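Q: Just one file: run_2.tsv, with TSV, C-alpha atoms.
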```
chain	number	residue	atom	x	y	z
A	689	MET	CA	-2.26	-15.05	-13.03
A	690	SER	CA	-5.74	-15.96	-11.83
A	691	ASP	CA	-4.28	-17.50	-8.66
A	692	ILE	CA	-3.33	-14.05	-7.32
A	693	HIS	CA	-5.55	-13.12	-4.40
A	694	VAL	CA	-5.47	-10.64	-1.54
A	695	ARG	CA	-6.15	-11.59	2.04
A	696	LEU	CA	-6.35	-9.76	5.33
A	697	ALA	CA	-3.13	-10.25	7.27
A	698	ASP	CA	-2.44	-10.18	10.98
A	699	TRP	CA	0.64	-8.18	12.03
A	700	GLN	CA	1.56	-10.66	14.76
A	701	THR	CA	1.08	-13.80	12.66
A	702	ASP	CA	2.21	-12.49	9.26
A	703	GLN	CA	4.89	-10.01	10.30
A	704	ALA	CA	7.72	-11.98	8.66
A	705	LEU	CA	5.93	-12.01	5.28
A	706	LEU	CA	4.91	-8.36	5.50
A	707	THR	CA	8.34	-7.12	6.52
A	708	ALA	CA	10.16	-9.26	3.93
A	709	ILE	CA	8.21	-7.62	1.09
A	710	ARG	CA	8.70	-4.10	2.43
A	711	GLN	CA	12.38	-4.79	3.12
A	712	ALA	CA	12.90	-5.95	-0.48
A	713	VAL	CA	10.97	-3.10	-2.11
A	714	PHE	CA	11.55	-0.06	0.07
A	715	ILE	CA	14.83	-0.67	1.90
A	716	ASP	CA	16.81	-2.82	-0.53
A	717	GLU	CA	15.47	-1.60	-3.88
A	718	GLN	CA	14.58	2.05	-3.15
A	719	ALA	CA	17.17	2.70	-0.41
A	720	VAL	CA	14.64	3.95	2.15
A	721	PRO	CA	16.39	4.03	5.55
A	722	ALA	CA	15.10	1.24	7.78
A	723	GLU	CA	14.35	3.67	10.61
A	724	LEU	CA	11.88	5.46	8.30
A	725	GLU	CA	10.19	2.29	7.08
A	726	TRP	CA	9.17	0.78	10.41
A	727	ASP	CA	6.82	2.67	12.70
A	728	ALA	CA	4.33	2.16	15.51
A	729	GLU	CA	1.42	2.24	13.04
A	730	ASP	CA	2.19	-1.32	11.92
A	731	ALA	CA	0.86	-2.78	15.16
A	732	ARG	CA	-2.31	-0.65	15.01
A	733	CYS	CA	-3.41	-0.80	11.38
A	734	GLN	CA	-4.89	-3.43	9.11
A	735	HIS	CA	-2.57	-5.19	6.69
A	736	LEU	CA	-3.25	-6.90	3.40
A	737	LEU	CA	-1.15	-9.52	1.68
A	738	ALA	CA	-1.24	-10.30	-2.02
A	739	MET	CA	-0.60	-13.97	-2.58
A	740	ALA	CA	0.32	-16.02	-5.65
A	741	GLY	CA	-0.75	-19.41	-4.44
A	742	ASP	CA	1.07	-19.74	-1.12
A	743	THR	CA	3.72	-17.10	-1.91
A	744	ALA	CA	3.45	-13.57	-0.51
A	745	ILE	CA	4.11	-11.09	-3.33
A	746	GLY	CA	2.71	-7.75	-2.18
A	747	THR	CA	1.40	-5.81	0.77
A	748	ALA	CA	-0.50	-2.67	1.78
A	749	ARG	CA	-1.82	-1.27	5.02
A	750	LEU	CA	-4.93	0.68	5.99
A	751	LEU	CA	-4.89	3.07	8.94
A	752	ALA	CA	-7.98	3.90	10.97
A	753	ASP	CA	-8.10	7.42	9.46
A	754	GLY	CA	-8.36	6.14	5.88
A	755	HIS	CA	-4.69	6.43	4.94
A	756	ILE	CA	-3.51	3.63	2.68
A	757	GLY	CA	0.22	3.10	2.69
A	758	ARG	CA	3.22	0.86	2.38
A	759	VAL	CA	1.85	-0.47	-0.91
A	760	ALA	CA	4.63	-2.72	-2.17
A	761	VAL	CA	4.81	-5.42	-4.85
A	762	LEU	CA	7.86	-7.61	-5.36
A	763	LYS	CA	9.73	-6.72	-8.56
A	764	ASP	CA	9.00	-9.98	-10.39
A	765	TRP	CA	5.26	-9.50	-9.86
A	766	ARG	CA	4.89	-5.93	-11.10
A	767	GLY	CA	2.77	-5.60	-14.22
A	768	HIS	CA	0.39	-8.39	-13.09
A	769	GLN	CA	-2.23	-6.08	-11.49
A	770	VAL	CA	-1.08	-6.98	-7.97
A	771	GLY	CA	-0.99	-3.33	-6.91
A	772	LEU	CA	-4.47	-2.81	-8.34
A	773	LYS	CA	-5.82	-5.79	-6.40
A	774	LEU	CA	-4.17	-4.56	-3.19
A	775	MET	CA	-5.65	-1.07	-3.58
A	776	GLN	CA	-9.10	-2.39	-4.42
A	777	ALA	CA	-8.99	-4.67	-1.38
A	778	ALA	CA	-7.79	-1.88	0.93
A	779	MET	CA	-10.51	0.47	-0.28
A	780	GLN	CA	-13.19	-2.21	0.01
A	781	LEU	CA	-12.06	-2.99	3.56
A	782	GLY	CA	-12.32	0.69	4.43
A	783	LEU	CA	-15.74	1.07	2.81
A	784	GLU	CA	-17.00	-1.90	4.81
A	785	GLN	CA	-15.90	-0.03	7.95
A	786	GLY	CA	-17.69	3.17	6.92
A	787	MET	CA	-14.73	5.07	5.49
A	788	ARG	CA	-15.66	7.35	2.59
A	789	VAL	CA	-12.35	9.18	2.10
A	790	PHE	CA	-9.00	7.56	1.44
A	791	LEU	CA	-5.66	9.33	1.55
A	792	LEU	CA	-2.19	8.31	0.49
A	793	SER	CA	1.28	9.59	-0.12
A	794	ALA	CA	2.23	8.50	-3.63
A	795	GLN	CA	5.63	8.30	-5.20
A	796	VAL	CA	5.49	10.72	-8.15
A	797	HIS	CA	6.15	7.95	-10.68
A	798	ALA	CA	2.96	6.18	-9.47
A	799	ILE	CA	0.56	9.15	-9.78
A	800	ALA	CA	-1.08	7.82	-12.96
A	801	PHE	CA	-1.69	4.43	-11.31
A	802	TYR	CA	-3.59	6.06	-8.44
A	803	GLU	CA	-5.41	8.48	-10.75
A	804	ARG	CA	-6.84	5.49	-12.63
A	805	LEU	CA	-8.39	4.45	-9.29
A	806	GLY	CA	-10.00	7.88	-8.90
A	807	TYR	CA	-7.43	9.56	-6.65
A	808	GLN	CA	-6.57	13.23	-7.13
A	809	VAL	CA	-3.29	14.97	-6.32
A	810	THR	CA	-3.76	17.38	-3.40
A	811	SER	CA	-0.22	18.69	-2.84
A	812	GLU	CA	2.88	19.88	-4.54
A	813	PRO	CA	5.69	17.30	-4.76
A	814	TYR	CA	7.77	16.85	-1.61
A	815	ASP	CA	10.66	14.69	-0.52
A	816	ASP	CA	9.97	11.59	1.59
A	817	ALA	CA	13.00	9.39	2.31
A	818	GLY	CA	14.79	10.86	-0.71
A	819	ILE	CA	11.91	10.00	-3.09
A	820	PRO	CA	9.55	12.63	-4.60
A	821	HIS	CA	5.97	12.14	-3.34
A	822	VAL	CA	2.59	13.88	-3.56
A	823	ASP	CA	-0.47	13.60	-1.35
A	824	MET	CA	-3.54	12.10	-3.02
A	825	ARG	CA	-7.19	11.78	-2.02
A	826	TYR	CA	-10.17	9.67	-3.05
A	827	GLU	CA	-13.74	10.30	-1.95
A	828	GLN	CA	-16.36	7.60	-2.43
A	829	PRO	CA	-19.29	9.01	-4.40
A	830	ALA	CA	-22.51	9.26	-2.40
```
Could the structure of this file be written out as structure tokens, please?

A:
Amino acid sequence: MSDIHVRLADWQTDQALLTAIRQAVFIDEQAVPAELEWDAEDARCQHLLAMAGDTAIGTARLLADGHIGRVAVLKDWRGHQVGLKLMQAAMQLGLEQGMRVFLLSAQVHAIAFYERLGYQVTSEPYDDAGIPHVDMRYEQPA
């Protein structure tokens, strides 16, 4: 799987690829209502696309306040470190812009994945679109 890479995406240019992945993962697979998936942040934040050759297989977005979200990997590509590569790329992008703290809302089943990246749970579980989530935080060491 050495041909998997992550690139910066442009919402205007890459919107079809970005939305197709999120549609498949969040709306179709996890039954998140469409009106909760799409928001005004998409046009304002930075997006990343994980690619296998020329095929888009995953996405994440970074908001100006250090929130990383909408991390999604197509089902057939899970277990190939695509999520890890997306998170590393999002954090590196933020670090390059002077961000030292990253925040995210993690689905409870993914807590261990984020903990391996150094994130810590900062909230009790709560419901988001019918899925249990927790808030998590990472602070870059000085």

Q: Need to verify the contact set: Ala722 (chain A), 9 Å, all atoms listed in the file, exclusion of same-chain residues closer than 5 positions in sequence. Can you return it as a list in words?

A: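 Here the qualifying residues turn out to be Gln711, Phe714 and Ile715 of chain A.
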
Q: Could you check which of A:His755, A:His797, A:Arg732, A:His768 is closest to Gly782 (chain A), using all atoms listed in the file?

A: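 With all atoms listed in the file as the atom set, the closest residue is A:His755.
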
Q: Can you tell me, as a PyMOL selection string, what residues are no more than 12 Å from Gln700 (chain A) when counting only C-alpha atoms, ignoring any on the same chain fewer than 6 positions away?

A: chain A and resi 706-707+730-735

Q: Could you check the closest approach to Leu772 (chain A) for each of A:Gly786, A:Pro813, A:Pro820, A:Gly746 and tell me which residue wins, using all atoms listed in the file?

A: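 Using all atoms listed in the file, Leu772 (chain A) sits closest to A:Gly746.
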
Q: Which one is closest to Glu725 (chain A): A:Leu781, A:Ala712, A:Met775, A:Ile799? Count all atoms listed in the file.

A: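 Comparing A:Leu781, A:Ala712, A:Met775, A:Ile799 against Glu725 (chain A), the winner is A:Ala712.
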
Q: What is the CA of Ala752 (chain A) to CA of Lys773 (chain A) distance in Å?

A: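 Value for the CA of Ala752 (chain A)-CA of Lys773 (chain A) distance: 20.0 Å.
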
Q: Can you pull out every residue within 12 Å of Asp764 (chain A), counting all atoms listed in the file, but drop anything in the same chain fewer than 5 positions away, and send it as a VMD selection string?

A: chain A and resid 709 712 to 713 740 744 to 746 769 to 770

Q: Rounded to one decimal in Å, what is the spacing between CA of Pro721 (chain A) and CA of Asp698 (chain A)?

A: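 CA of Asp698 (chain A) lies 24.2 Å from CA of Pro721 (chain A).
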
Q: Considering all atoms listed in the file, return as a tab-separated table (two decimals) with C-alpha atoms, in the coordinates of the input whatever protein or nucleic-acid residues lie within 7 Å of Ile692 (chain A), sequence-local ones (same chain, fewer than 4 positions apart) excluded.

A:
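result30.tsv, written as the output of this step:
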```tsv
chain	number	residue	atom	x	y	z
A	738	ALA	CA	-1.24	-10.30	-2.02
A	739	MET	CA	-0.60	-13.97	-2.58
A	740	ALA	CA	0.32	-16.02	-5.65
A	741	GLY	CA	-0.75	-19.41	-4.44
```

Q: May I ask which of the residues A:Ala794, A:Leu705, A:Tyr802, A:Arg788 is the closest one to Arg758 (chain A), counting only C-alpha atoms?

A: A:Ala794

Q: Counting only C-alpha atoms, which of A:Met824, A:Asp702, A:Val809, A:Asp716 gets nearest to Gly757 (chain A)?

A: A:Met824

Q: Can you tell me which residues surround Leu736 (chain A) at a distance of at most 8 Å, considering all atoms listed in the file, apart from same-chain residues fewer than 2 positions away, and format the answer as a PDB file with C-alpha atoms, in the frame of the given file?

A:
```
ATOM      1  CA  VAL A 694      -5.470 -10.640  -1.540  1.00  0.00           C
ATOM      2  CA  ARG A 695      -6.150 -11.590   2.040  1.00  0.00           C
ATOM      3  CA  LEU A 696      -6.350  -9.760   5.330  1.00  0.00           C
ATOM      4  CA  ALA A 697      -3.130 -10.250   7.270  1.00  0.00           C
ATOM      5  CA  GLN A 734      -4.890  -3.430   9.110  1.00  0.00           C
ATOM      6  CA  ALA A 738      -1.240 -10.300  -2.020  1.00  0.00           C
ATOM      7  CA  THR A 747       1.400  -5.810   0.770  1.00  0.00           C
ATOM      8  CA  ALA A 748      -0.500  -2.670   1.780  1.00  0.00           C
ATOM      9  CA  ARG A 749      -1.820  -1.270   5.020  1.00  0.00           C
ATOM     10  CA  LEU A 774      -4.170  -4.560  -3.190  1.00  0.00           C
ATOM     11  CA  ALA A 777      -8.990  -4.670  -1.380  1.00  0.00           C
ATOM     12  CA  ALA A 778      -7.790  -1.880   0.930  1.00  0.00           C
TER      13      ALA A 778
END
```

Q: So how many Å separate CA of Gln828 (chain A) and CA of Glu729 (chain A), to one decimal?

A: 24.2 Å

Q: Which centre and which edge lengths, in Å to one decimal, describe the axis-aligned box that holds all listed atoms of region 798-811 of chain A after 5 Å is added on each side, as AutoDock Vina command-line options?

A:
```
--center_x -3.5 --center_y 11.6 --center_z -7.9 --size_x 23.0 --size_y 24.3 --size_z 20.1
```

Q: Which one of A:Leu762, A:Leu751, A:Thr743, A:Trp699 sits closest to Glu717 (chain A) if you count only C-alpha atoms?

A: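 Of A:Leu762, A:Leu751, A:Thr743, A:Trp699, the one nearest Glu717 (chain A) is A:Leu762, counting only C-alpha atoms.
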